[in-house]
file protein_15.pdb (PDB, C-alpha atoms)
ATOM      1  CA  MET J1144    -218.703 -82.065 -15.038
ATOM      2  CA  ILE J1145    -216.682 -78.924 -14.367
ATOM      3  CA  SER J1146    -214.320 -79.101 -11.415
ATOM      4  CA  ASN J1147    -215.939 -76.230  -9.508
ATOM      5  CA  PHE J1148    -219.450 -77.711  -9.540
ATOM      6  CA  LEU J1149    -221.418 -76.811  -6.410
ATOM      7  CA  PHE J1150    -222.797 -79.845  -4.547
ATOM      8  CA  ILE J1151    -224.970 -78.005  -2.047
ATOM      9  CA  GLY J1152    -226.777 -79.642   0.853
ATOM     10  CA  HIS J1153    -230.138 -77.819   0.806
ATOM     11  CA  ARG J1154    -230.803 -77.056   4.480
ATOM     12  CA  GLY J1155    -228.300 -79.863   4.953
ATOM     13  CA  THR J1156    -230.855 -82.387   3.839
ATOM     14  CA  ARG J1157    -234.638 -82.432   3.673
ATOM     15  CA  ARG J1158    -234.846 -86.242   3.793
ATOM     16  CA  ASP J1159    -234.551 -88.604   6.790
ATOM     17  CA  PHE J1160    -233.187 -85.931   9.140
ATOM     18  CA  ASP J1161    -234.393 -82.576  10.436
ATOM     19  CA  GLU J1162    -233.505 -79.817   7.999
ATOM     20  CA  ASN J1163    -231.236 -76.980   9.130
ATOM     21  CA  THR J1164    -229.703 -78.913  12.015
ATOM     22  CA  ILE J1165    -226.136 -79.871  12.864
ATOM     23  CA  LEU J1166    -226.986 -83.513  12.140
ATOM     24  CA  ALA J1167    -228.411 -82.667   8.695
ATOM     25  CA  PHE J1168    -225.290 -80.717   7.774
ATOM     26  CA  LYS J1169    -222.999 -83.516   8.934
ATOM     27  CA  LYS J1170    -224.929 -85.986   6.786
ATOM     28  CA  ALA J1171    -224.695 -83.770   3.681
ATOM     29  CA  ILE J1172    -220.940 -83.359   4.135
ATOM     30  CA  GLU J1173    -220.505 -87.095   4.718
ATOM     31  CA  TYR J1174    -222.164 -87.769   1.350
ATOM     32  CA  GLY J1175    -220.048 -85.290  -0.591
ATOM     33  CA  ALA J1176    -221.473 -81.789  -0.229
ATOM     34  CA  ASN J1177    -218.917 -79.049  -0.770
ATOM     35  CA  TYR J1178    -221.438 -76.430   0.364
ATOM     36  CA  ILE J1179    -224.183 -76.434   2.969
ATOM     37  CA  GLU J1180    -227.102 -74.059   2.508
ATOM     38  CA  PHE J1181    -229.123 -72.788   5.448
ATOM     39  CA  ASP J1182    -231.587 -70.071   6.399
ATOM     40  CA  ILE J1183    -231.061 -67.292   8.915
ATOM     41  CA  ARG J1184    -233.656 -65.539  11.040
ATOM     42  CA  LYS J1185    -233.474 -63.594  14.299
ATOM     43  CA  THR J1186    -235.123 -64.213  17.659
ATOM     44  CA  LYS J1187    -236.866 -61.642  19.821
ATOM     45  CA  ASP J1188    -233.507 -60.829  21.440
ATOM     46  CA  ARG J1189    -231.790 -60.631  18.006
ATOM     47  CA  LYS J1190    -229.879 -63.892  18.140
ATOM     48  CA  LEU J1191    -229.232 -65.268  14.647
ATOM     49  CA  VAL J1192    -230.611 -68.783  14.360
ATOM     50  CA  VAL J1193    -230.960 -71.319  11.551
ATOM     51  CA  LEU J1194    -234.627 -71.800  10.637
ATOM     52  CA  HIS J1195    -236.418 -71.742   7.299
ATOM     53  CA  ASP J1196    -239.980 -70.908   8.315
ATOM     54  CA  SER J1197    -241.056 -67.778  10.154
ATOM     55  CA  ASN J1198    -242.794 -70.006  12.698
ATOM     56  CA  LEU J1199    -241.906 -73.115  14.693
ATOM     57  CA  ASN J1200    -244.944 -75.193  13.754
ATOM     58  CA  ARG J1201    -243.670 -77.375  10.905
ATOM     59  CA  THR J1202    -240.190 -78.378  12.028
ATOM     60  CA  THR J1203    -240.327 -78.349  15.848
ATOM     61  CA  ASN J1204    -242.547 -79.354  18.756
ATOM     62  CA  GLY J1205    -243.210 -75.676  19.396
ATOM     63  CA  SER J1206    -245.693 -73.291  17.847
ATOM     64  CA  GLY J1207    -245.802 -69.588  17.158
ATOM     65  CA  PHE J1208    -243.552 -67.126  15.394
ATOM     66  CA  LEU J1209    -239.817 -67.221  15.998
ATOM     67  CA  LYS J1210    -239.680 -63.433  16.429
ATOM     68  CA  ASP J1211    -241.855 -63.710  19.537
ATOM     69  CA  PHE J1212    -239.376 -65.917  21.434
ATOM     70  CA  THR J1213    -236.007 -65.225  23.029
ATOM     71  CA  TYR J1214    -233.161 -67.590  22.260
ATOM     72  CA  LYS J1215    -233.383 -69.007  25.780
ATOM     73  CA  GLU J1216    -236.993 -69.959  25.052
ATOM     74  CA  ILE J1217    -236.099 -71.323  21.612
ATOM     75  CA  LYS J1218    -233.602 -73.699  23.194
ATOM     76  CA  THR J1219    -236.463 -75.513  24.949
ATOM     77  CA  PHE J1220    -237.969 -76.658  21.628
ATOM     78  CA  LYS J1221    -236.829 -79.743  19.711
ATOM     79  CA  THR J1222    -237.064 -80.714  16.055
ATOM     80  CA  VAL J1223    -239.662 -83.322  15.135
ATOM     81  CA  ILE J1224    -237.544 -86.212  13.789
ATOM     82  CA  ASN J1225    -234.316 -86.313  15.768
ATOM     83  CA  GLN J1226    -235.200 -83.975  18.632
ATOM     84  CA  ASN J1227    -232.346 -81.616  17.817
ATOM     85  CA  ASN J1228    -231.984 -77.995  18.871
ATOM     86  CA  ILE J1229    -232.405 -75.048  16.534
ATOM     87  CA  PRO J1230    -228.775 -73.982  16.038
ATOM     88  CA  LEU J1231    -227.231 -70.544  16.164
ATOM     89  CA  LEU J1232    -225.337 -69.252  13.124
ATOM     90  CA  THR J1233    -222.187 -69.236  15.252
ATOM     91  CA  GLU J1234    -222.682 -72.947  16.018
ATOM     92  CA  ILE J1235    -222.666 -73.756  12.316
ATOM     93  CA  PHE J1236    -219.360 -71.978  11.879
ATOM     94  CA  ASP J1237    -217.910 -73.549  15.043
ATOM     95  CA  ASN J1238    -218.800 -77.048  13.831
ATOM     96  CA  PHE J1239    -217.979 -76.813  10.123
ATOM     97  CA  LYS J1240    -215.407 -74.074   9.546
ATOM     98  CA  GLY J1241    -212.652 -75.485   7.333
ATOM     99  CA  LYS J1242    -214.727 -78.552   6.408
ATOM    100  CA  VAL J1243    -217.187 -77.104   3.891
ATOM    101  CA  ASN J1244    -218.303 -73.853   2.251
ATOM    102  CA  PHE J1245    -221.403 -72.002   3.368
ATOM    103  CA  MET J1246    -224.413 -70.579   1.547
ATOM    104  CA  ILE J1247    -226.440 -68.369   3.877
ATOM    105  CA  GLU J1248    -229.991 -67.498   2.864
ATOM    106  CA  LEU J1249    -231.253 -64.270   4.424
ATOM    107  CA  LYS J1250    -234.904 -64.897   5.280
ATOM    108  CA  GLU J1251    -235.667 -61.523   6.840
ATOM    109  CA  GLU J1252    -234.860 -57.856   6.409
ATOM    110  CA  ASP J1253    -232.380 -56.164   8.738
ATOM    111  CA  LEU J1254    -229.952 -59.084   8.889
ATOM    112  CA  VAL J1255    -227.188 -57.879   6.618
ATOM    113  CA  GLU J1256    -224.889 -56.073   9.045
ATOM    114  CA  GLU J1257    -225.051 -58.714  11.775
ATOM    115  CA  VAL J1258    -224.506 -61.633   9.399
ATOM    116  CA  VAL J1259    -221.567 -59.942   7.674
ATOM    117  CA  GLU J1260    -220.029 -59.075  11.050
ATOM    118  CA  ILE J1261    -220.110 -62.732  12.133
ATOM    119  CA  ILE J1262    -218.697 -63.885   8.793
ATOM    120  CA  ASN J1263    -215.881 -61.341   9.102
ATOM    121  CA  SER J1264    -215.076 -62.246  12.689
ATOM    122  CA  ASN J1265    -214.714 -65.893  11.643
ATOM    123  CA  ASN J1266    -212.528 -65.019   8.621
ATOM    124  CA  LEU J1267    -214.977 -66.779   6.319
ATOM    125  CA  LEU J1268    -215.497 -64.249   3.523
ATOM    126  CA  THR J1269    -213.919 -66.523   0.914
ATOM    127  CA  ASP J1270    -215.814 -69.583   2.172
ATOM    128  CA  THR J1271    -219.274 -68.020   2.208
ATOM    129  CA  VAL J1272    -221.975 -67.097  -0.298
ATOM    130  CA  ILE J1273    -224.769 -64.773   0.815
ATOM    131  CA  SER J1274    -228.084 -65.689  -0.773
ATOM    132  CA  GLY J1275    -231.495 -64.082  -0.726
ATOM    133  CA  LYS J1276    -234.510 -62.916  -2.690
ATOM    134  CA  CYS J1277    -234.084 -59.191  -1.983
ATOM    135  CA  LEU J1278    -231.733 -57.835  -4.624
ATOM    136  CA  ASP J1279    -231.195 -54.526  -2.823
ATOM    137  CA  ASP J1280    -229.906 -56.296   0.308
ATOM    138  CA  LEU J1281    -227.516 -58.405  -1.737
ATOM    139  CA  LEU J1282    -226.194 -55.419  -3.675
ATOM    140  CA  LYS J1283    -225.694 -53.523  -0.435
ATOM    141  CA  ILE J1284    -223.434 -56.331   0.756
ATOM    142  CA  LYS J1285    -221.614 -56.463  -2.585
ATOM    143  CA  ASN J1286    -220.999 -52.729  -2.618
ATOM    144  CA  GLU J1287    -219.586 -52.790   0.904
ATOM    145  CA  ILE J1288    -217.521 -55.976   0.397
ATOM    146  CA  PRO J1289    -216.869 -56.394  -3.354
ATOM    147  CA  HIS J1290    -215.072 -59.733  -3.021
ATOM    148  CA  ILE J1291    -217.867 -61.494  -1.122
ATOM    149  CA  ARG J1292    -220.002 -63.717  -3.344
ATOM    150  CA  ILE J1293    -223.757 -63.240  -3.589
ATOM    151  CA  CYS J1294    -226.500 -65.464  -4.985
ATOM    152  CA  PHE J1295    -229.848 -64.008  -6.048
ATOM    153  CA  ASN J1296    -232.824 -66.327  -5.587
ATOM    154  CA  ILE J1297    -234.785 -65.090  -8.562
ATOM    155  CA  THR J1298    -237.716 -67.530  -8.250
ATOM    156  CA  LYS J1299    -239.578 -65.145  -5.958
ATOM    157  CA  GLY J1300    -237.027 -62.390  -6.237
ATOM    158  CA  LEU J1301    -237.647 -58.789  -5.311
ATOM    159  CA  GLY J1302    -235.997 -56.238  -7.574
ATOM    160  CA  LEU J1303    -235.578 -58.334 -10.729
ATOM    161  CA  SER J1304    -237.917 -60.897 -12.257
ATOM    162  CA  LEU J1305    -236.896 -63.953 -14.272
ATOM    163  CA  LYS J1306    -238.545 -62.442 -17.346
ATOM    164  CA  GLU J1307    -236.567 -59.221 -16.940
ATOM    165  CA  PHE J1308    -233.345 -61.143 -16.390
ATOM    166  CA  LEU J1309    -233.756 -63.148 -19.590
ATOM    167  CA  LYS J1310    -234.403 -59.978 -21.599
ATOM    168  CA  MET J1311    -231.207 -58.287 -20.398
ATOM    169  CA  GLY J1312    -228.858 -60.376 -22.532
ATOM    170  CA  SER J1313    -225.146 -59.761 -21.998
ATOM    171  CA  GLY J1314    -223.551 -57.273 -19.646
ATOM    172  CA  ILE J1315    -225.738 -58.190 -16.682
ATOM    173  CA  LYS J1316    -222.918 -58.821 -14.218
ATOM    174  CA  LYS J1317    -221.389 -55.417 -14.945
ATOM    175  CA  LYS J1318    -224.696 -53.789 -14.035
ATOM    176  CA  ILE J1319    -225.866 -55.959 -11.145
ATOM    177  CA  LYS J1320    -222.723 -57.763  -9.962
ATOM    178  CA  PHE J1321    -224.198 -60.957  -8.540
ATOM    179  CA  ASP J1322    -222.031 -64.055  -8.782
ATOM    180  CA  MET J1323    -224.710 -66.747  -8.769
ATOM    181  CA  ILE J1324    -228.409 -66.966  -9.443
ATOM    182  CA  SER J1325    -230.714 -69.728  -8.230
ATOM    183  CA  LEU J1326    -233.983 -70.833  -9.765
ATOM    184  CA  LYS J1327    -236.543 -73.489  -8.917
ATOM    185  CA  SER J1328    -235.911 -76.642 -10.915
ATOM    186  CA  ASN J1329    -239.203 -76.657 -12.838
ATOM    187  CA  LEU J1330    -238.456 -73.178 -14.213
ATOM    188  CA  ILE J1331    -234.957 -73.889 -15.532
ATOM    189  CA  THR J1332    -234.531 -73.513 -19.280
ATOM    190  CA  GLU J1333    -231.525 -73.635 -21.578
ATOM    191  CA  LYS J1334    -231.970 -69.899 -22.148
ATOM    192  CA  PHE J1335    -231.661 -69.267 -18.418
ATOM    193  CA  ILE J1336    -228.421 -71.246 -18.208
ATOM    194  CA  GLU J1337    -227.051 -69.607 -21.365
ATOM    195  CA  THR J1338    -227.912 -66.109 -20.106
ATOM    196  CA  CYS J1339    -226.105 -66.836 -16.854
ATOM    197  CA  HIS J1340    -223.036 -68.181 -18.623
ATOM    198  CA  ILE J1341    -222.597 -65.359 -21.142
ATOM    199  CA  ASN J1342    -222.516 -63.041 -18.150
ATOM    200  CA  GLY J1343    -220.096 -65.096 -16.067
ATOM    201  CA  ILE J1344    -222.796 -65.960 -13.533
ATOM    202  CA  MET J1345    -223.136 -69.431 -12.027
ATOM    203  CA  ALA J1346    -226.585 -71.001 -12.546
ATOM    204  CA  LEU J1347    -227.992 -72.997  -9.627
ATOM    205  CA  SER J1348    -231.159 -75.044  -9.253
ATOM    206  CA  TRP J1349    -233.227 -76.053  -6.229
ATOM    207  CA  ASP J1350    -236.330 -78.036  -5.167
ATOM    208  CA  PHE J1351    -236.350 -81.656  -6.347
ATOM    209  CA  LEU J1352    -238.787 -83.095  -3.811
ATOM    210  CA  GLY J1353    -241.719 -83.326  -6.215
ATOM    211  CA  TYR J1354    -240.088 -85.585  -8.796
ATOM    212  CA  GLU J1355    -240.692 -89.318  -8.953
ATOM    213  CA  ASN J1356    -237.070 -89.702 -10.014
ATOM    214  CA  PRO J1357    -235.108 -86.568  -9.026
ATOM    215  CA  ILE J1358    -231.824 -88.102 -10.213
ATOM    216  CA  ASN J1359    -233.085 -88.017 -13.817
ATOM    217  CA  LYS J1360    -233.991 -84.341 -13.512
ATOM    218  CA  ILE J1361    -230.667 -83.475 -11.892
ATOM    219  CA  ASN J1362    -228.700 -85.390 -14.538
ATOM    220  CA  PHE J1363    -230.645 -83.577 -17.266
ATOM    221  CA  LEU J1364    -229.760 -80.181 -15.761
ATOM    222  CA  VAL J1365    -226.127 -81.231 -15.397
ATOM    223  CA  SER J1366    -226.078 -82.186 -19.098
ATOM    224  CA  LYS J1367    -227.395 -78.704 -19.939
ATOM    225  CA  GLY J1368    -224.578 -77.026 -18.036
ATOM    226  CA  ILE J1369    -226.050 -76.173 -14.640
ATOM    227  CA  ASP J1370    -223.270 -75.077 -12.263
ATOM    228  CA  GLY J1371    -224.705 -76.297  -8.987
ATOM    229  CA  ILE J1372    -227.549 -78.201  -7.395
ATOM    230  CA  LEU J1373    -229.182 -77.660  -4.030
ATOM    231  CA  PHE J1374    -229.765 -81.285  -3.052
ATOM    232  CA  ASP J1375    -232.835 -82.083  -0.950
ATOM    233  CA  ASP J1376    -231.737 -85.693  -0.417
ATOM    234  CA  TYR J1377    -228.210 -86.182   0.907
ATOM    235  CA  LYS J1378    -228.011 -89.631  -0.742
ATOM    236  CA  ASN J1379    -228.249 -88.083  -4.194
ATOM    237  CA  ILE J1380    -225.136 -85.958  -3.728
ATOM    238  CA  ASN J1381    -222.763 -88.881  -4.014
ATOM    239  CA  LYS J1382    -224.856 -90.523  -6.753
ATOM    240  CA  ILE J1383    -224.425 -87.480  -8.971
ATOM    241  CA  ARG J1384    -220.743 -87.193  -8.085
ATOM    242  CA  LEU J1385    -220.136 -90.796  -9.157
ATOM    243  CA  ARG J1386    -222.158 -90.551 -12.371
ATOM    244  CA  SER J1387    -220.485 -87.312 -13.394
ATOM    245  CA  SER J1388    -216.883 -88.134 -12.514
TER     246      SER J1388
END

call {"tool": "encode", "arguments": {"input": "protein_15.pdb", "output": "structure tokens"}}
result
Amino acid sequence: MISNFLFIGHRGTRRDFDENTILAFKKAIEYGANYIEFDIRKTKDRKLVVLHDSNLNRTTNGSGFLKDFTYKEIKTFKTVINQNNIPLLTEIFDNFKGKVNFMIELKEEDLVEEVVEIINSNNLLTDTVISGKCLDDLLKIKNEIPHIRICFNITKGLGLSLKEFLKMGSGIKKKIKFDMISLKSNLITEKFIETCHINGIMALSWDFLGYENPINKINFLVSKGIDGILFDDYKNINKIRLRSS
């Protein structure tokens, strides 16, 4: 395995603990993650919080859309497994700066300037990857800050489809300038990985919850040259590290 392989805790972990919480991120780091991935949305009063869904129903004891609540109201809700709070983006940086790298998934429009401002104020440009499915938003960031890394989630991407990407051949990075591209695990092909590599783009894969034996699938992708995995189960991070060392 290449030395710069990305062991990414997907929402920290999606097993045993509440995703996108301080506890989930601690567990991923404990088991060997060198990146933690998390999702950013904004509250009614424009506080940036870590939550995957647009609503509170699945992961907390609350209900309704996040955008309809102030942060003060959000603080009254608890996650369903460990009764944790929904954290602020600033809390993630306060807890884990210097301990791990960050992959921030933009889940809404109109987040770019505020997220970049917080990253800058924490001096974390070199430790952070900005991810998202809106190519225009990512390219806006890249044009403003050329040395920040961006990851395009092409699975449901807006602005470039997987089919279009595979047809482009070489020279993609010169035209589009993303550093990484992520794709759902069941869609990964050798051609996808090869197209990424001939363009100097890191190929990442996510979503391993549906496999009877996700380790087999992850090992297969590693053997084909995948550059990083978004791990749903924190326990598998160290298993892959040990098998690949």

call {"tool": "atom_distance", "arguments": {"input": "protein_15.pdb", "atom1": "atom CA of Gly1368 of chain J", "atom2": "atom CA of Thr1156 of chain J"}}
result
23.4 Å

call {"tool": "residues_around", "arguments": {"input": "protein_15.pdb", "residues": "Ile1361 of chain J", "least_positions_apart": "4", "cutoff": "8 Å", "atoms": "all atoms listed in the file", "output": "PyMOL selection string"}}
result
chain J and resi 1357+1365+1372+1383

call {"tool": "resolve_selection", "arguments": {"input": "protein_15.pdb", "expression": "the PyMOL selection byres ((chain J and resi 1296-1309) around 6)", "output": "ChimeraX atom specification"}}
result
/J:1275-1278,1295,1310-1311,1324-1326

call {"tool": "resolve_selection", "arguments": {"input": "protein_15.pdb", "expression": "the PyMOL selection byres ((chain J and resi 1204-1209) around 8)", "output": "list in words"}}
result
Lys1185, Thr1186, Lys1187, Ser1197, Asn1198, Leu1199, Asn1200, Thr1202, Thr1203, Lys1210, Asp1211, Phe1212, Ile1217, Phe1220, Lys1221, Thr1222 and Val1223 of chain J

call {"tool": "write_last_selection", "arguments": {"input": "protein_15.pdb", "atoms": "C-alpha atoms", "output": "PDB file, in the frame of the given file"}}
result
ATOM      1  CA  LYS J1185    -233.474 -63.594  14.299  1.00  0.00           C
ATOM      2  CA  THR J1186    -235.123 -64.213  17.659  1.00  0.00           C
ATOM      3  CA  LYS J1187    -236.866 -61.642  19.821  1.00  0.00           C
ATOM      4  CA  SER J1197    -241.056 -67.778  10.154  1.00  0.00           C
ATOM      5  CA  ASN J1198    -242.794 -70.006  12.698  1.00  0.00           C
ATOM      6  CA  LEU J1199    -241.906 -73.115  14.693  1.00  0.00           C
ATOM      7  CA  ASN J1200    -244.944 -75.193  13.754  1.00  0.00           C
ATOM      8  CA  THR J1202    -240.190 -78.378  12.028  1.00  0.00           C
ATOM      9  CA  THR J1203    -240.327 -78.349  15.848  1.00  0.00           C
ATOM     10  CA  LYS J1210    -239.680 -63.433  16.429  1.00  0.00           C
ATOM     11  CA  ASP J1211    -241.855 -63.710  19.537  1.00  0.00           C
ATOM     12  CA  PHE J1212    -239.376 -65.917  21.434  1.00  0.00           C
ATOM     13  CA  ILE J1217    -236.099 -71.323  21.612  1.00  0.00           C
ATOM     14  CA  PHE J1220    -237.969 -76.658  21.628  1.00  0.00           C
ATOM     15  CA  LYS J1221    -236.829 -79.743  19.711  1.00  0.00           C
ATOM     16  CA  THR J1222    -237.064 -80.714  16.055  1.00  0.00           C
ATOM     17  CA  VAL J1223    -239.662 -83.322  15.135  1.00  0.00           C
TER      18      VAL J1223
END

call {"tool": "atom_distance", "arguments": {"input": "protein_15.pdb", "atom1": "atom CA of Glu1248 of chain J", "atom2": "atom CA of His1153 of chain J"}}
result
10.5 Å

call {"tool": "resolve_selection", "arguments": {"input": "protein_15.pdb", "expression": "the PyMOL selection byres ((chain J and resi 1250) around 7)", "output": "list in words"}}
result
Asp1182, Ile1183, Arg1184, Glu1248, Leu1249, Glu1251 and Gly1275 of chain J

call {"tool": "residues_around", "arguments": {"input": "protein_15.pdb", "residues": "Ile1336 of chain J", "least_positions_apart": "6", "cutoff": "8 Å", "atoms": "only C-alpha atoms", "output": "count of residues only"}}
result
4

call {"tool": "residues_near_point", "arguments": {"input": "protein_15.pdb", "point": "(-214.6, -76.6, 7.7)", "cutoff": "12 Å", "atoms": "only C-alpha atoms", "output": "list in words"}}
result
Phe1168, Lys1169, Ile1172, Ala1176, Asn1177, Tyr1178, Ile1179, Ile1235, Phe1236, Asp1237, Asn1238, Phe1239, Lys1240, Gly1241, Lys1242, Val1243, Asn1244, Phe1245, Asn1265, Asn1266, Leu1267, Asp1270 and Thr1271 of chain J

call {"tool": "residues_near_point", "arguments": {"input": "protein_15.pdb", "point": "(-232.4, -77.2, 7.9)", "cutoff": "8 Å", "atoms": "all atoms listed in the file", "output": "count of residues only"}}
result
16

call {"tool": "closest_residue", "arguments": {"input": "protein_15.pdb", "among": "J:Asp1196, J:Asp1188, J:Asp1253, J:Asp1280", "to": "Glu1216 of chain J", "atoms": "all atoms listed in the file"}}
result
J:Asp1188

call {"tool": "closest_residue", "arguments": {"input": "protein_15.pdb", "among": "J:Glu1333, J:Glu1355, J:Asp1279, J:Asp1370", "to": "Phe1321 of chain J", "atoms": "all atoms listed in the file"}}
result
J:Asp1279

call {"tool": "closest_residue", "arguments": {"input": "protein_15.pdb", "among": "J:Leu1231, J:Ile1341, J:Tyr1174, J:Arg1189", "to": "Leu1385 of chain J", "atoms": "all atoms listed in the file"}}
result
J:Tyr1174

call {"tool": "decode", "arguments": {"input": "protein_15.pdb", "residues": "segment 1334-1376 of chain J", "atoms": "C-alpha atoms", "output": "tab-separated table (two decimals), in the first residue's frame"}}
result
chain	number	residue	atom	x	y	z
J	1334	LYS	CA	-11.15	2.18	-15.67
J	1335	PHE	CA	-12.26	4.71	-13.06
J	1336	ILE	CA	-9.11	4.18	-11.01
J	1337	GLU	CA	-6.90	4.27	-14.11
J	1338	THR	CA	-8.54	7.48	-15.37
J	1339	CYS	CA	-7.93	9.11	-12.00
J	1340	HIS	CA	-4.31	8.02	-11.89
J	1341	ILE	CA	-3.32	9.12	-15.41
J	1342	ASN	CA	-4.57	12.55	-14.41
J	1343	GLY	CA	-2.83	12.69	-11.04
J	1344	ILE	CA	-6.14	12.51	-9.18
J	1345	MET	CA	-6.60	10.40	-6.05
J	1346	ALA	CA	-9.44	7.85	-6.32
J	1347	LEU	CA	-11.56	7.34	-3.20
J	1348	SER	CA	-14.40	4.95	-2.44
J	1349	TRP	CA	-17.28	5.09	0.04
J	1350	ASP	CA	-20.32	3.13	1.32
J	1351	PHE	CA	-19.51	-0.39	2.51
J	1352	LEU	CA	-22.51	-0.96	4.77
J	1353	GLY	CA	-24.35	-3.25	2.37
J	1354	TYR	CA	-21.67	-5.92	2.05
J	1355	GLU	CA	-21.75	-9.18	3.97
J	1356	ASN	CA	-17.97	-8.97	4.20
J	1357	PRO	CA	-16.85	-5.36	3.58
J	1358	ILE	CA	-13.21	-6.23	4.30
J	1359	ASN	CA	-13.11	-8.40	1.16
J	1360	LYS	CA	-14.47	-5.56	-0.96
J	1361	ILE	CA	-12.06	-3.04	0.55
J	1362	ASN	CA	-9.08	-5.37	0.06
J	1363	PHE	CA	-10.12	-5.89	-3.57
J	1364	LEU	CA	-10.21	-2.13	-4.18
J	1365	VAL	CA	-6.85	-1.71	-2.46
J	1366	SER	CA	-5.39	-4.37	-4.77
J	1367	LYS	CA	-6.70	-2.40	-7.76
J	1368	GLY	CA	-4.95	0.76	-6.62
J	1369	ILE	CA	-7.62	2.77	-4.81
J	1370	ASP	CA	-6.01	5.70	-2.96
J	1371	GLY	CA	-8.37	5.99	-0.03
J	1372	ILE	CA	-11.36	4.44	1.68
J	1373	LEU	CA	-14.13	6.13	3.61
J	1374	PHE	CA	-14.61	3.55	6.36
J	1375	ASP	CA	-18.12	3.09	7.76
J	1376	ASP	CA	-16.89	0.79	10.54
